Amino acid sequence: MSVTAGNPASHRKKRLNNYGPPTNLILAQAFKVLCIIAVSRTSLEHWGNTQHTGWKEHTKAIINRFHYSNVTAGLVLTTTAVLISSEAPVTRLMGYNTPASYILALVAFGAALLSVISGAAVLIMYETGTTHHNMETLKEMSRRKVIFLLLWLAWPSVCLAVATFCLYLSIFVACFLSKNILVKVLATLSLLAFCANGVLALDVFIFVGKRPASAKHQDPEQGYAMTTVTP
């Protein structure tokens with residue numbers, strides 16, 4: 001005898017028309033990465049019901065993330081401004097006025113500035129939109145508009161990542177090209193730590209979003225588990 005338990009069909013989440021990932025494997029992974037960067041989720045299923053309390057809590061979390069991102073971008077912007085506007089006090093230890101280091105610092109400065117500007121714009125418009133407008137219109141967006149919206153939301157974080165990476169490379173090059181052996185060793189160790197952190201982040205990213213073994217029999221359309229009882 002089989003018994004099926006679950007929520008009524010009337011309680012199913014409303015789904016966004018064009019929120020699903022592409023069928024292509026590579027594009028699907030790219031879409032997943034874009035969702036993580038833009039909305040801190042592996043998919044857009046939470047857009048299916050913008051009247052739920054979970055949606056409100058999620059928007060608050062995203063707004064807080066934009067606040068922290070803007071603060072971090074401001075710190076990176078200040079640091080790079082100091083690097084490109086001053087000379088190294090001890091050139092034997094860290095000569096960041098070398099061409100390679102200086103160019104990387106300029107790129108970091110530009111990316112950080114873009115992150116601050118775009119982050120402020122996204123924060124103002126996102127907070128205003130989610131507070132004073134009915135976000136149920138998300139369900140009517142075309143596929144192209146969904147991608148554009150995700151890119152717009154992800155742009156400040158992408159710029160911040162580029163700025164931080166270029167700032168690190170600028171300091172690494174300045175230290176590695178120094179004439180002090182200890183500084184070179186420390187720079188090499190920092191590079192190894194940076195690469196190890198990247199490997200760990202990639203491992204976590206691959207794990208996040210996978211369905212646990214206990215949920216293999218869950219119905220993705222109805223959102224409840226299929227329980228089979230045998231006499």
# chains A, B, ... in the order shown; residues from 1 in each chain; ligands from 1
$ residues_around --residues "Phe172 in chain A" --least-positions-apart "3" --cutoff "12 Å" --atoms "only C-alpha atoms" --output "ChimeraX atom specification"
/A:93-96,98,100-102,104-105,165-169,175-178,183-192,194
$ write_last_selection --atoms "N, CA, C and O atoms" --output "short mmCIF file (atom, residue, chain, number, x, y, z; two decimals), in the first residue's frame"
data_model
loop_
_atom_site.label_atom_id
_atom_site.label_comp_id
_atom_site.auth_asym_id
_atom_site.auth_seq_id
_atom_site.Cartn_x
_atom_site.Cartn_y
_atom_site.Cartn_z
N LEU A 93 62.16 47.23 0.36
CA LEU A 93 61.21 46.26 0.89
C LEU A 93 59.99 46.10 0.00
O LEU A 93 59.52 44.99 -0.23
N MET A 94 59.46 47.19 -0.50
CA MET A 94 58.26 47.11 -1.32
C MET A 94 58.22 48.30 -2.27
O MET A 94 57.77 49.38 -1.92
N GLY A 95 58.68 48.07 -3.49
CA GLY A 95 58.68 49.14 -4.47
C GLY A 95 57.44 49.10 -5.33
O GLY A 95 57.45 48.58 -6.45
N TYR A 96 56.33 49.64 -4.81
CA TYR A 96 55.09 49.58 -5.57
C TYR A 96 54.98 50.69 -6.61
O TYR A 96 53.91 50.92 -7.16
N THR A 98 56.82 50.49 -9.29
CA THR A 98 57.23 49.85 -10.53
C THR A 98 56.06 49.87 -11.52
O THR A 98 54.90 49.94 -11.11
N ALA A 100 54.51 47.63 -13.45
CA ALA A 100 53.50 46.58 -13.33
C ALA A 100 52.63 46.80 -12.10
O ALA A 100 51.39 46.72 -12.16
N SER A 101 53.26 47.08 -10.97
CA SER A 101 52.51 47.30 -9.74
C SER A 101 51.63 48.54 -9.83
O SER A 101 50.49 48.55 -9.36
N TYR A 102 52.15 49.58 -10.46
CA TYR A 102 51.39 50.83 -10.57
C TYR A 102 50.17 50.67 -11.48
O TYR A 102 49.09 51.18 -11.19
N LEU A 104 48.54 47.88 -12.10
CA LEU A 104 47.55 47.08 -11.37
C LEU A 104 46.82 47.92 -10.32
O LEU A 104 45.62 47.75 -10.11
N ALA A 105 47.55 48.82 -9.68
CA ALA A 105 46.91 49.70 -8.70
C ALA A 105 45.91 50.64 -9.38
O ALA A 105 44.85 50.93 -8.82
N PHE A 165 41.32 41.89 -6.29
CA PHE A 165 42.31 41.00 -6.90
C PHE A 165 43.48 41.80 -7.47
O PHE A 165 44.65 41.43 -7.27
N CYS A 166 43.18 42.88 -8.16
CA CYS A 166 44.25 43.70 -8.74
C CYS A 166 45.08 44.39 -7.66
O CYS A 166 46.29 44.55 -7.80
N LEU A 167 44.43 44.80 -6.57
CA LEU A 167 45.17 45.39 -5.46
C LEU A 167 46.12 44.38 -4.85
O LEU A 167 47.28 44.70 -4.53
N TYR A 168 45.64 43.15 -4.69
CA TYR A 168 46.51 42.10 -4.16
C TYR A 168 47.69 41.85 -5.10
O TYR A 168 48.84 41.74 -4.65
N LEU A 169 47.42 41.75 -6.39
CA LEU A 169 48.50 41.52 -7.35
C LEU A 169 49.49 42.67 -7.35
O LEU A 169 50.71 42.46 -7.48
N CYS A 175 56.15 43.43 -3.68
CA CYS A 175 56.94 42.69 -2.69
C CYS A 175 57.87 41.68 -3.35
O CYS A 175 59.01 41.49 -2.92
N PHE A 176 57.38 41.02 -4.40
CA PHE A 176 58.18 39.97 -5.03
C PHE A 176 59.38 40.56 -5.78
O PHE A 176 60.40 39.89 -5.94
N LEU A 177 59.24 41.79 -6.26
CA LEU A 177 60.35 42.44 -6.98
C LEU A 177 61.28 43.20 -6.05
O LEU A 177 62.19 43.89 -6.52
N SER A 178 61.05 43.09 -4.75
CA SER A 178 61.93 43.78 -3.81
C SER A 178 63.27 43.06 -3.72
O SER A 178 63.44 41.94 -4.21
N VAL A 183 60.99 39.36 2.42
CA VAL A 183 59.77 39.90 1.82
C VAL A 183 59.31 39.03 0.66
O VAL A 183 58.11 38.78 0.49
N LYS A 184 60.26 38.53 -0.13
CA LYS A 184 59.90 37.64 -1.23
C LYS A 184 59.28 36.34 -0.72
O LYS A 184 58.31 35.83 -1.29
N VAL A 185 59.83 35.80 0.36
CA VAL A 185 59.28 34.57 0.94
C VAL A 185 57.87 34.81 1.45
O VAL A 185 56.95 34.00 1.23
N LEU A 186 57.67 35.92 2.13
CA LEU A 186 56.34 36.24 2.64
C LEU A 186 55.34 36.44 1.50
O LEU A 186 54.17 36.03 1.59
N ALA A 187 55.79 37.06 0.42
CA ALA A 187 54.92 37.25 -0.74
C ALA A 187 54.54 35.91 -1.36
O ALA A 187 53.38 35.70 -1.76
N THR A 188 55.50 35.00 -1.44
CA THR A 188 55.22 33.67 -1.98
C THR A 188 54.24 32.91 -1.10
O THR A 188 53.31 32.25 -1.60
N LEU A 189 54.42 33.00 0.21
CA LEU A 189 53.50 32.33 1.13
C LEU A 189 52.09 32.91 1.02
O LEU A 189 51.10 32.18 1.08
N SER A 190 52.01 34.21 0.84
CA SER A 190 50.69 34.83 0.68
C SER A 190 50.02 34.37 -0.60
O SER A 190 48.80 34.17 -0.64
N LEU A 191 50.81 34.16 -1.66
CA LEU A 191 50.25 33.66 -2.91
C LEU A 191 49.73 32.23 -2.74
O LEU A 191 48.65 31.89 -3.25
N LEU A 192 50.47 31.41 -2.02
CA LEU A 192 50.02 30.04 -1.76
C LEU A 192 48.73 30.04 -0.94
O LEU A 192 47.81 29.26 -1.21
N PHE A 194 46.55 32.42 -0.90
CA PHE A 194 45.50 32.93 -1.78
C PHE A 194 44.97 31.82 -2.68
O PHE A 194 43.75 31.67 -2.86
#
$ residues_around --residues "Ile62 in chain A" --least-positions-apart "5" --cutoff "10 Å" --atoms "only C-alpha atoms" --output "PDB file with all heavy atoms, in the first residue's frame"
ATOM      1  N   ALA A  38      24.587  37.686  -7.676  1.00  0.00           N
ATOM      2  CA  ALA A  38      23.568  38.732  -7.714  1.00  0.00           C
ATOM      3  C   ALA A  38      22.627  38.687  -6.520  1.00  0.00           C
ATOM      4  O   ALA A  38      22.359  39.723  -5.894  1.00  0.00           O
ATOM      5  CB  ALA A  38      22.771  38.629  -9.016  1.00  0.00           C
ATOM      6  N   VAL A  39      22.105  37.501  -6.198  1.00  0.00           N
ATOM      7  CA  VAL A  39      21.058  37.414  -5.170  1.00  0.00           C
ATOM      8  C   VAL A  39      21.400  36.443  -4.050  1.00  0.00           C
ATOM      9  O   VAL A  39      20.533  36.112  -3.234  1.00  0.00           O
ATOM     10  CB  VAL A  39      19.710  37.009  -5.811  1.00  0.00           C
ATOM     11  CG1 VAL A  39      19.223  38.081  -6.757  1.00  0.00           C
ATOM     12  CG2 VAL A  39      19.819  35.673  -6.533  1.00  0.00           C
ATOM     13  N   SER A  40      22.637  35.961  -4.008  1.00  0.00           N
ATOM     14  CA  SER A  40      23.084  35.058  -2.937  1.00  0.00           C
ATOM     15  C   SER A  40      22.264  33.773  -2.876  1.00  0.00           C
ATOM     16  O   SER A  40      22.079  33.196  -1.803  1.00  0.00           O
ATOM     17  CB  SER A  40      23.029  35.769  -1.574  1.00  0.00           C
ATOM     18  OG  SER A  40      23.846  36.909  -1.569  1.00  0.00           O
ATOM     19  N   LYS A  56      10.753  38.993   2.037  1.00  0.00           N
ATOM     20  CA  LYS A  56      11.103  40.226   2.736  1.00  0.00           C
ATOM     21  C   LYS A  56      12.413  40.074   3.500  1.00  0.00           C
ATOM     22  O   LYS A  56      13.259  40.972   3.499  1.00  0.00           O
ATOM     23  CB  LYS A  56       9.973  40.622   3.695  1.00  0.00           C
ATOM     24  CG  LYS A  56       8.621  40.834   3.019  1.00  0.00           C
ATOM     25  CD  LYS A  56       8.661  41.966   2.012  1.00  0.00           C
ATOM     26  CE  LYS A  56       7.298  42.185   1.367  1.00  0.00           C
ATOM     27  NZ  LYS A  56       7.330  43.255   0.341  1.00  0.00           N
ATOM     28  N   GLU A  57      12.576  38.937   4.141  1.00  0.00           N
ATOM     29  CA  GLU A  57      13.816  38.696   4.877  1.00  0.00           C
ATOM     30  C   GLU A  57      15.007  38.611   3.930  1.00  0.00           C
ATOM     31  O   GLU A  57      16.104  39.092   4.246  1.00  0.00           O
ATOM     32  CB  GLU A  57      13.690  37.408   5.689  1.00  0.00           C
ATOM     33  CG  GLU A  57      12.654  37.491   6.804  1.00  0.00           C
ATOM     34  CD  GLU A  57      12.485  36.172   7.526  1.00  0.00           C
ATOM     35  OE1 GLU A  57      13.145  35.188   7.108  1.00  0.00           O
ATOM     36  OE2 GLU A  57      11.705  36.118   8.494  1.00  0.00           O
ATOM     37  N   HIS A  67      25.289  47.124   1.491  1.00  0.00           N
ATOM     38  CA  HIS A  67      25.899  48.081   2.412  1.00  0.00           C
ATOM     39  C   HIS A  67      27.344  47.681   2.725  1.00  0.00           C
ATOM     40  O   HIS A  67      28.265  48.507   2.647  1.00  0.00           O
ATOM     41  CB  HIS A  67      25.084  48.164   3.702  1.00  0.00           C
ATOM     42  CG  HIS A  67      23.883  49.052   3.617  1.00  0.00           C
ATOM     43  ND1 HIS A  67      23.976  50.418   3.402  1.00  0.00           N
ATOM     44  CD2 HIS A  67      22.551  48.784   3.731  1.00  0.00           C
ATOM     45  CE1 HIS A  67      22.767  50.946   3.377  1.00  0.00           C
ATOM     46  NE2 HIS A  67      21.879  49.984   3.572  1.00  0.00           N
ATOM     47  N   TYR A  68      27.539  46.421   3.092  1.00  0.00           N
ATOM     48  CA  TYR A  68      28.881  45.945   3.422  1.00  0.00           C
ATOM     49  C   TYR A  68      29.802  46.002   2.207  1.00  0.00           C
ATOM     50  O   TYR A  68      30.994  46.320   2.327  1.00  0.00           O
ATOM     51  CB  TYR A  68      28.812  44.514   3.960  1.00  0.00           C
ATOM     52  CG  TYR A  68      28.049  44.382   5.254  1.00  0.00           C
ATOM     53  CD1 TYR A  68      27.208  43.294   5.489  1.00  0.00           C
ATOM     54  CD2 TYR A  68      28.158  45.351   6.245  1.00  0.00           C
ATOM     55  CE1 TYR A  68      26.503  43.178   6.677  1.00  0.00           C
ATOM     56  CE2 TYR A  68      27.455  45.237   7.431  1.00  0.00           C
ATOM     57  CZ  TYR A  68      26.629  44.155   7.640  1.00  0.00           C
ATOM     58  OH  TYR A  68      25.935  44.039   8.818  1.00  0.00           O
ATOM     59  N   LEU A 123      21.874  49.945  -4.632  1.00  0.00           N
ATOM     60  CA  LEU A 123      21.299  49.968  -3.288  1.00  0.00           C
ATOM     61  C   LEU A 123      20.077  50.874  -3.223  1.00  0.00           C
ATOM     62  O   LEU A 123      19.033  50.494  -2.676  1.00  0.00           O
ATOM     63  CB  LEU A 123      22.356  50.432  -2.286  1.00  0.00           C
ATOM     64  CG  LEU A 123      21.916  50.528  -0.824  1.00  0.00           C
ATOM     65  CD1 LEU A 123      21.471  49.167  -0.313  1.00  0.00           C
ATOM     66  CD2 LEU A 123      23.042  51.077   0.032  1.00  0.00           C
ATOM     67  N   TYR A 126      17.277  49.323  -5.619  1.00  0.00           N
ATOM     68  CA  TYR A 126      16.774  48.036  -5.130  1.00  0.00           C
ATOM     69  C   TYR A 126      15.952  48.223  -3.863  1.00  0.00           C
ATOM     70  O   TYR A 126      14.862  47.645  -3.718  1.00  0.00           O
ATOM     71  CB  TYR A 126      17.953  47.101  -4.865  1.00  0.00           C
ATOM     72  CG  TYR A 126      17.554  45.697  -4.478  1.00  0.00           C
ATOM     73  CD1 TYR A 126      17.255  44.747  -5.453  1.00  0.00           C
ATOM     74  CD2 TYR A 126      17.483  45.311  -3.145  1.00  0.00           C
ATOM     75  CE1 TYR A 126      16.893  43.454  -5.105  1.00  0.00           C
ATOM     76  CE2 TYR A 126      17.121  44.021  -2.790  1.00  0.00           C
ATOM     77  CZ  TYR A 126      16.830  43.103  -3.768  1.00  0.00           C
ATOM     78  OH  TYR A 126      16.468  41.826  -3.420  1.00  0.00           O
ATOM     79  N   GLU A 127      16.468  49.040  -2.940  1.00  0.00           N
ATOM     80  CA  GLU A 127      15.738  49.265  -1.691  1.00  0.00           C
ATOM     81  C   GLU A 127      14.423  49.986  -1.950  1.00  0.00           C
ATOM     82  O   GLU A 127      13.387  49.659  -1.351  1.00  0.00           O
ATOM     83  CB  GLU A 127      16.607  50.071  -0.726  1.00  0.00           C
ATOM     84  CG  GLU A 127      16.031  50.192   0.669  1.00  0.00           C
ATOM     85  CD  GLU A 127      17.011  50.803   1.645  1.00  0.00           C
ATOM     86  OE1 GLU A 127      18.055  51.328   1.189  1.00  0.00           O
ATOM     87  OE2 GLU A 127      16.752  50.756   2.858  1.00  0.00           O
ATOM     88  N   LEU A 153      22.537  43.585 -10.757  1.00  0.00           N
ATOM     89  CA  LEU A 153      22.701  43.337  -9.330  1.00  0.00           C
ATOM     90  C   LEU A 153      24.101  42.810  -9.000  1.00  0.00           C
ATOM     91  O   LEU A 153      24.629  43.066  -7.914  1.00  0.00           O
ATOM     92  CB  LEU A 153      21.652  42.333  -8.846  1.00  0.00           C
ATOM     93  CG  LEU A 153      20.191  42.801  -8.857  1.00  0.00           C
ATOM     94  CD1 LEU A 153      19.265  41.653  -8.495  1.00  0.00           C
ATOM     95  CD2 LEU A 153      19.991  43.964  -7.897  1.00  0.00           C
TER      96      LEU A 153
END
$ select_by_dssp --residues "range 17-123 of chain A" --states "helix (DSSP H, G or I)" --output "JSON, numbers by chain"
{"A": [25, 26, 27, 28, 29, 30, 31, 32, 33, 34, 35, 36, 37, 38, 39, 45, 46, 47, 48, 53, 54, 55, 56, 57, 58, 59, 60, 61, 62, 63, 64, 65, 66, 67, 68, 69, 70, 71, 72, 73, 74, 75, 76, 77, 78, 79, 80, 81, 82, 83, 84, 85, 99, 100, 101, 102, 103, 104, 105, 106, 107, 108, 109, 110, 111, 112, 113, 114, 115, 116, 117, 118, 119, 120, 121, 122, 123]}
$ closest_residue --among "A:Gln29, A:Thr42, A:Ser170, A:Gln51" --to "Ile103 in chain A" --atoms "only C-alpha atoms"
A:Ser170
$ atom_distance --atom1 "CA of Ala28 in chain A" --atom2 "CA of Gly198 in chain A"
21.2 Å
$ atom_distance --atom1 "CA of Ala61 in chain A" --atom2 "CA of Val204 in chain A"
20.5 Å
$ residues_around --residues "Leu151 in chain A" --least-positions-apart "3" --cutoff "8 Å" --atoms "only C-alpha atoms" --output "list of chain:residue names"
A:Leu34, A:Ala38, A:Ile147, A:Phe148, A:Ala154, A:Trp155
$ closest_residue --among "A:Phe66, A:Phe31, A:Phe207, A:Phe109" --to "Ile124 in chain A" --atoms "only C-alpha atoms"
A:Phe66
$ closest_residue --among "A:Leu150, A:Leu77, A:Ile84, A:Ile181" --to "Ser43 in chain A" --atoms "only C-alpha atoms"
A:Leu150
